[in-house]
Amino acid sequence: MSFMPEYSWEFLSQDEIESRSLRAMQNHIEYLKKNSAYYEKKLSQIDKSDIKSIDDIVKLPMTEKAALSAETKNFYCSDNIAEICVTSGSTGNPLVMPLTKIDLERLAYNESMSFNSIGINSKDSAQIMVSLDRLFVAGMAYYRGMIALGVSTARIGVLPPQMQEYYIRYLRPSVLVGVPSYFIKLAEFLKNNGKDIGDSSVQKIVCIGEPLRNEDMSWNVTAKKIEVLYNAKVYSTYASTEICSSYCDCGERTGGHSHPELIYTEIIGENGNPVGDGEVGELVVTTFGMEGMPLLRYRTGDMTFKIKGKCSCGRNSVRIGPIVYRKSQLIKLKGTTIYPMTITNVVDSLGCCDDYIVELKGHKNDDEKTEIIIHIAADKKELNKVMQAVQAAARVKISVFLSNKSTISALRGDARKAVRFVDNRK
């Protein structure tokens, strides 16, 4: 798939985007019924001609993550698999994602479109500072996307701070791609050793895997800190292995743009119906153009909202806000509903922990026996500050224990990401 942004649907009118999305959905249904054992049964009573308007899409069945996990092989649509990727398992059991050669080209095209919307071009040079192994799709996607865009790209991966600084000084990249918390740790390590990363060549930082915005779309403490430490602009992006697509900031930084030729976006309420723009609901996606394991109305479990109106960049594609919370991580404690992100946002804002993790203990079917424990690697004097700040935000008392990095790492297990929440309830 050649990179030709002029042919993207993003700058078309909303009516034209909907018209093309309708045709794409009809073709998608036909492909799924023909090639997927799961969807052959699921769509047995549905024909593509039944979907006559964009409003008819809500009549189609949704795909649950549990079904995808239990019947993965039945979702496969091709035997010509070129690459195998696996999800991180941060919200459940890891899922295997098969990618064909076409899927890999689609993946590169998606990231090229995202990076291009930020303003990255062949005059830039980039360093990919995330894992490029362990069946991780993101590192590969960012690398392929940069290459397709003509950007001089270095596959640095996750290295000790001294080595990262060496390559930043030596290769002089204008763009970095990585995890926000990692960027902060790197900059603060260098600062503590008398070095300032803010005088480097870096101009743009694309942040993945962790939120950069508050629900009102303002930059959170993490985003502001990175911009000050690096003297560079930050850009947020949301993606997942299953959807093989991303929602990325454009140069105006007004929310995550979808690429409508690759993905159909819905935000639904508890009743399964669409919610209004600006109203928080569950992100549901349909992946157009996938060969290996395309999905129909896949429930991501991530709660976000559509942003109203046309973006000032000129794109008419659907934009989403930050992930407000994940449905699977809802916690009920002493009559109060809490989401882990409420806690992690507070701890991140304090900036006093070298590392931490939120652990859930007790029994999943007994709210009275549920216990939340925050393990922090920090100076003893920070304990009360963390405890008070979290209690104020969560409106309930939560235990905070002094710990160390090795214990926290053990609680994290084999997770590929720097997981901040672990559910150890029985």
# chains A, B, ... in the order shown; residues from 1 in each chain; ligands from 1
>>> residues_around(residues="stretch 411-413 of chain A", least_positions_apart="6", cutoff="12 Å", atoms="only C-alpha atoms", output="ChimeraX atom specification")
/A:88-90,355-360,373-376,403-405,419-424
>>> write_last_selection(atoms="C-alpha atoms", output="PDB file, in the first residue's frame")
ATOM      1  CA  SER A  88       0.442  -7.395  26.049  1.00  0.00           C
ATOM      2  CA  GLY A  89      -2.272  -9.076  28.114  1.00  0.00           C
ATOM      3  CA  SER A  90      -2.704  -5.979  30.274  1.00  0.00           C
ATOM      4  CA  ASP A 355       8.166   3.193  40.456  1.00  0.00           C
ATOM      5  CA  TYR A 356       4.789   2.015  41.729  1.00  0.00           C
ATOM      6  CA  ILE A 357       1.960  -0.413  41.092  1.00  0.00           C
ATOM      7  CA  VAL A 358      -1.675  -0.571  42.199  1.00  0.00           C
ATOM      8  CA  GLU A 359      -2.648  -4.043  43.419  1.00  0.00           C
ATOM      9  CA  LEU A 360      -6.188  -5.313  43.839  1.00  0.00           C
ATOM     10  CA  ILE A 373      -2.907  -1.433  47.842  1.00  0.00           C
ATOM     11  CA  ILE A 374      -0.444   0.959  46.231  1.00  0.00           C
ATOM     12  CA  HIS A 375       3.160  -0.240  46.377  1.00  0.00           C
ATOM     13  CA  ILE A 376       5.573   2.661  45.885  1.00  0.00           C
ATOM     14  CA  SER A 403       8.284  -1.041  48.554  1.00  0.00           C
ATOM     15  CA  ASN A 404      11.172  -1.364  46.109  1.00  0.00           C
ATOM     16  CA  LYS A 405      11.636  -1.779  42.366  1.00  0.00           C
ATOM     17  CA  VAL A 419       1.871  -2.124  33.997  1.00  0.00           C
ATOM     18  CA  ARG A 420       0.502   0.155  36.726  1.00  0.00           C
ATOM     19  CA  PHE A 421      -2.411  -2.028  37.796  1.00  0.00           C
ATOM     20  CA  VAL A 422      -2.640  -5.721  38.650  1.00  0.00           C
ATOM     21  CA  ASP A 423      -5.781  -7.573  39.709  1.00  0.00           C
ATOM     22  CA  ASN A 424      -4.852 -10.360  42.130  1.00  0.00           C
TER      23      ASN A 424
END
>>> select_by_dssp(residues="stretch 248-390 of chain A", states="helix (DSSP H, G or I)", output="list in words")
Lys327, Ser328, Gln329, Pro340, Met341, Thr342, Ile343, Thr344, Asn345, Val346, Val347, Asp348, Ser349, Leu350, Lys380, Lys381, Glu382, Leu383, Asn384, Lys385, Val386, Met387, Gln388, Ala389 and Val390 of chain A
>>> write_last_selection(atoms="N, CA and C atoms", output="short mmCIF file (atom, residue, chain, number, x, y, z; two decimals), in the first residue's frame")
data_model
loop_
_atom_site.label_atom_id
_atom_site.label_comp_id
_atom_site.auth_asym_id
_atom_site.auth_seq_id
_atom_site.Cartn_x
_atom_site.Cartn_y
_atom_site.Cartn_z
N LYS A 327 -13.33 -0.52 31.05
CA LYS A 327 -14.48 -1.14 31.69
C LYS A 327 -14.08 -2.32 32.57
N SER A 328 -13.10 -3.08 32.11
CA SER A 328 -12.71 -4.30 32.84
C SER A 328 -12.03 -3.99 34.16
N GLN A 329 -11.64 -2.74 34.36
CA GLN A 329 -10.89 -2.40 35.56
C GLN A 329 -11.72 -1.62 36.58
N PRO A 340 -8.76 2.54 38.18
CA PRO A 340 -7.32 2.66 38.46
C PRO A 340 -6.70 3.94 37.94
N MET A 341 -7.20 4.45 36.80
CA MET A 341 -6.61 5.68 36.24
C MET A 341 -6.80 6.87 37.16
N THR A 342 -7.84 6.83 37.99
CA THR A 342 -8.02 7.90 38.99
C THR A 342 -6.82 7.93 39.93
N ILE A 343 -6.37 6.73 40.31
CA ILE A 343 -5.24 6.61 41.23
C ILE A 343 -3.92 6.90 40.52
N THR A 344 -3.73 6.28 39.35
CA THR A 344 -2.44 6.44 38.66
C THR A 344 -2.21 7.88 38.22
N ASN A 345 -3.28 8.59 37.83
CA ASN A 345 -3.11 9.99 37.43
C ASN A 345 -2.60 10.83 38.60
N VAL A 346 -3.10 10.52 39.80
CA VAL A 346 -2.66 11.26 40.98
C VAL A 346 -1.20 10.97 41.30
N VAL A 347 -0.84 9.69 41.34
CA VAL A 347 0.54 9.32 41.68
C VAL A 347 1.51 9.88 40.64
N ASP A 348 1.13 9.80 39.36
CA ASP A 348 1.98 10.35 38.31
C ASP A 348 2.18 11.85 38.49
N SER A 349 1.12 12.55 38.88
CA SER A 349 1.20 14.00 39.02
C SER A 349 2.13 14.42 40.16
N LEU A 350 2.26 13.56 41.18
CA LEU A 350 3.13 13.89 42.32
C LEU A 350 4.60 13.81 41.93
N LYS A 380 10.78 7.49 52.21
CA LYS A 380 9.80 7.28 53.27
C LYS A 380 8.96 8.53 53.53
N LYS A 381 9.57 9.69 53.37
CA LYS A 381 8.87 10.94 53.67
C LYS A 381 7.73 11.22 52.69
N GLU A 382 7.71 10.51 51.56
CA GLU A 382 6.67 10.73 50.55
C GLU A 382 5.40 9.92 50.81
N LEU A 383 5.47 9.01 51.76
CA LEU A 383 4.37 8.08 51.99
C LEU A 383 3.06 8.80 52.30
N ASN A 384 3.07 9.69 53.26
CA ASN A 384 1.85 10.39 53.65
C ASN A 384 1.32 11.28 52.52
N LYS A 385 2.22 11.90 51.78
CA LYS A 385 1.80 12.76 50.67
C LYS A 385 1.02 11.97 49.63
N VAL A 386 1.53 10.79 49.29
CA VAL A 386 0.85 9.93 48.31
C VAL A 386 -0.50 9.47 48.86
N MET A 387 -0.50 9.05 50.13
CA MET A 387 -1.72 8.54 50.76
C MET A 387 -2.81 9.61 50.78
N GLN A 388 -2.47 10.81 51.16
CA GLN A 388 -3.46 11.89 51.27
C GLN A 388 -3.99 12.33 49.90
N ALA A 389 -3.08 12.40 48.92
CA ALA A 389 -3.50 12.83 47.58
C ALA A 389 -4.43 11.81 46.94
N VAL A 390 -4.13 10.53 47.11
CA VAL A 390 -4.96 9.48 46.53
C VAL A 390 -6.33 9.43 47.21
#
>>> select_by_dssp(residues="stretch 19-178 of chain A", states="strand (DSSP E)", output="ChimeraX atom specification")
/A:83-86,96-99,125-128,152-155,175-178
>>> closest_residue(among="A:His363, A:Asn231, A:Asn214, A:Gly292", to="A:Tyr325", atoms="only C-alpha atoms")
A:Asn214
>>> residues_around(residues="stretch 167-177 of chain A", least_positions_apart="3", cutoff="8 Å", atoms="only C-alpha atoms", output="PDB file with C-alpha atoms, in the first residue's frame")
ATOM      1  CA  ASP A 124      13.139  14.398   9.947  1.00  0.00           C
ATOM      2  CA  SER A 125      15.121  11.698  11.697  1.00  0.00           C
ATOM      3  CA  ALA A 126      13.551   9.507  14.363  1.00  0.00           C
ATOM      4  CA  GLN A 127      14.425   7.154  17.207  1.00  0.00           C
ATOM      5  CA  ILE A 128      11.993   4.375  18.105  1.00  0.00           C
ATOM      6  CA  MET A 129      12.421   3.914  21.857  1.00  0.00           C
ATOM      7  CA  VAL A 130       9.999   1.029  22.505  1.00  0.00           C
ATOM      8  CA  TYR A 142       6.193   2.733  14.188  1.00  0.00           C
ATOM      9  CA  MET A 163      23.084   4.787  26.105  1.00  0.00           C
ATOM     10  CA  GLN A 164      19.888   6.574  25.153  1.00  0.00           C
ATOM     11  CA  SER A 200      19.107  18.301  22.334  1.00  0.00           C
ATOM     12  CA  SER A 201      17.936  18.165  18.697  1.00  0.00           C
ATOM     13  CA  VAL A 202      14.533  16.707  19.654  1.00  0.00           C
ATOM     14  CA  GLN A 203      11.536  18.758  18.496  1.00  0.00           C
ATOM     15  CA  LYS A 204       8.620  16.301  18.554  1.00  0.00           C
ATOM     16  CA  ILE A 205       7.840  13.457  20.975  1.00  0.00           C
ATOM     17  CA  VAL A 206       5.162  10.911  20.049  1.00  0.00           C
ATOM     18  CA  CYS A 207       3.881   9.286  23.242  1.00  0.00           C
ATOM     19  CA  ILE A 208       2.218   5.871  23.381  1.00  0.00           C
TER      20      ILE A 208
END
>>> closest_residue(among="A:Leu68, A:Val137, A:Val280, A:Val400", to="A:Ile84", atoms="only C-alpha atoms")
A:Val137
>>> closest_residue(among="A:Ile46, A:Phe305, A:Ile338, A:Leu402", to="A:Asp277", atoms="only C-alpha atoms")
A:Phe305
>>> atom_distance(atom1="atom CA of A:Ile120", atom2="atom CA of A:Val179")
18.4 Å
>>> closest_residue(among="A:Asp55, A:Glu227, A:Asp47, A:Asp367", to="A:Ser19", atoms="only C-alpha atoms")
A:Asp55
>>> closest_residue(among="A:Ser13, A:Ser246, A:Ser406, A:Ser258", to="A:Gly209", atoms="only C-alpha atoms")
A:Ser246
>>> closest_residue(among="A:Leu262, A:Leu60, A:Ala394, A:Ile118", to="A:Gln45", atoms="only C-alpha atoms")
A:Leu60
>>> residues_around(residues="A:Gly321", least_positions_apart="6", cutoff="12 Å", atoms="only C-alpha atoms", output="PyMOL selection string")
chain A and resi 211-219+236-238+247-249+253-258+267+277-283+302-308
>>> atom_distance(atom1="atom CA of A:Leu95", atom2="atom CA of A:Met293")
11.5 Å
>>> closest_atom_pairs(of="stretch 273-345 of chain A", to="stretch 99-110 of chain A", cutoff="12 Å", atoms="only C-alpha atoms", output="CSV")
residue,atom,partner,partner_atom,distance
A:Thr287,CA,A:Arg106,CA,10.7
A:Phe288,CA,A:Arg106,CA,9.8
A:Gly289,CA,A:Arg106,CA,7.5
A:Met290,CA,A:Asp103,CA,5.6
A:Glu291,CA,A:Asp103,CA,6.2
A:Gly292,CA,A:Leu99,CA,5.2
A:Met293,CA,A:Leu99,CA,7.4
A:Pro294,CA,A:Asp103,CA,9.6
>>> write_last_selection(atoms="N, CA and C atoms", output="PDB file, in the first residue's frame")
ATOM      1  N   THR A 287     -12.395  -3.080  11.555  1.00  0.00           N
ATOM      2  CA  THR A 287     -11.110  -2.918  10.867  1.00  0.00           C
ATOM      3  C   THR A 287     -11.240  -3.233   9.381  1.00  0.00           C
ATOM      4  N   PHE A 288     -11.278  -2.194   8.549  1.00  0.00           N
ATOM      5  CA  PHE A 288     -11.346  -2.363   7.109  1.00  0.00           C
ATOM      6  C   PHE A 288      -9.967  -2.727   6.552  1.00  0.00           C
ATOM      7  N   GLY A 289      -9.965  -3.552   5.514  1.00  0.00           N
ATOM      8  CA  GLY A 289      -8.728  -3.830   4.782  1.00  0.00           C
ATOM      9  C   GLY A 289      -7.810  -4.849   5.413  1.00  0.00           C
ATOM     10  N   MET A 290      -8.193  -5.449   6.518  1.00  0.00           N
ATOM     11  CA  MET A 290      -7.380  -6.488   7.135  1.00  0.00           C
ATOM     12  C   MET A 290      -7.637  -7.829   6.441  1.00  0.00           C
ATOM     13  N   GLU A 291      -6.596  -8.614   6.244  1.00  0.00           N
ATOM     14  CA  GLU A 291      -6.718  -9.931   5.636  1.00  0.00           C
ATOM     15  C   GLU A 291      -6.678 -11.066   6.654  1.00  0.00           C
ATOM     16  N   GLY A 292      -5.724 -10.996   7.600  1.00  0.00           N
ATOM     17  CA  GLY A 292      -5.483 -12.104   8.518  1.00  0.00           C
ATOM     18  C   GLY A 292      -6.572 -12.320   9.534  1.00  0.00           C
ATOM     19  N   MET A 293      -6.936 -11.259  10.290  1.00  0.00           N
ATOM     20  CA  MET A 293      -7.967 -11.390  11.318  1.00  0.00           C
ATOM     21  C   MET A 293      -8.742 -10.076  11.442  1.00  0.00           C
ATOM     22  N   PRO A 294      -9.527  -9.749  10.418  1.00  0.00           N
ATOM     23  CA  PRO A 294     -10.349  -8.539  10.494  1.00  0.00           C
ATOM     24  C   PRO A 294     -11.459  -8.703  11.515  1.00  0.00           C
TER      25      PRO A 294
END
>>> atom_distance(atom1="atom CA of A:Asp199", atom2="atom CA of A:Leu229")
9.4 Å
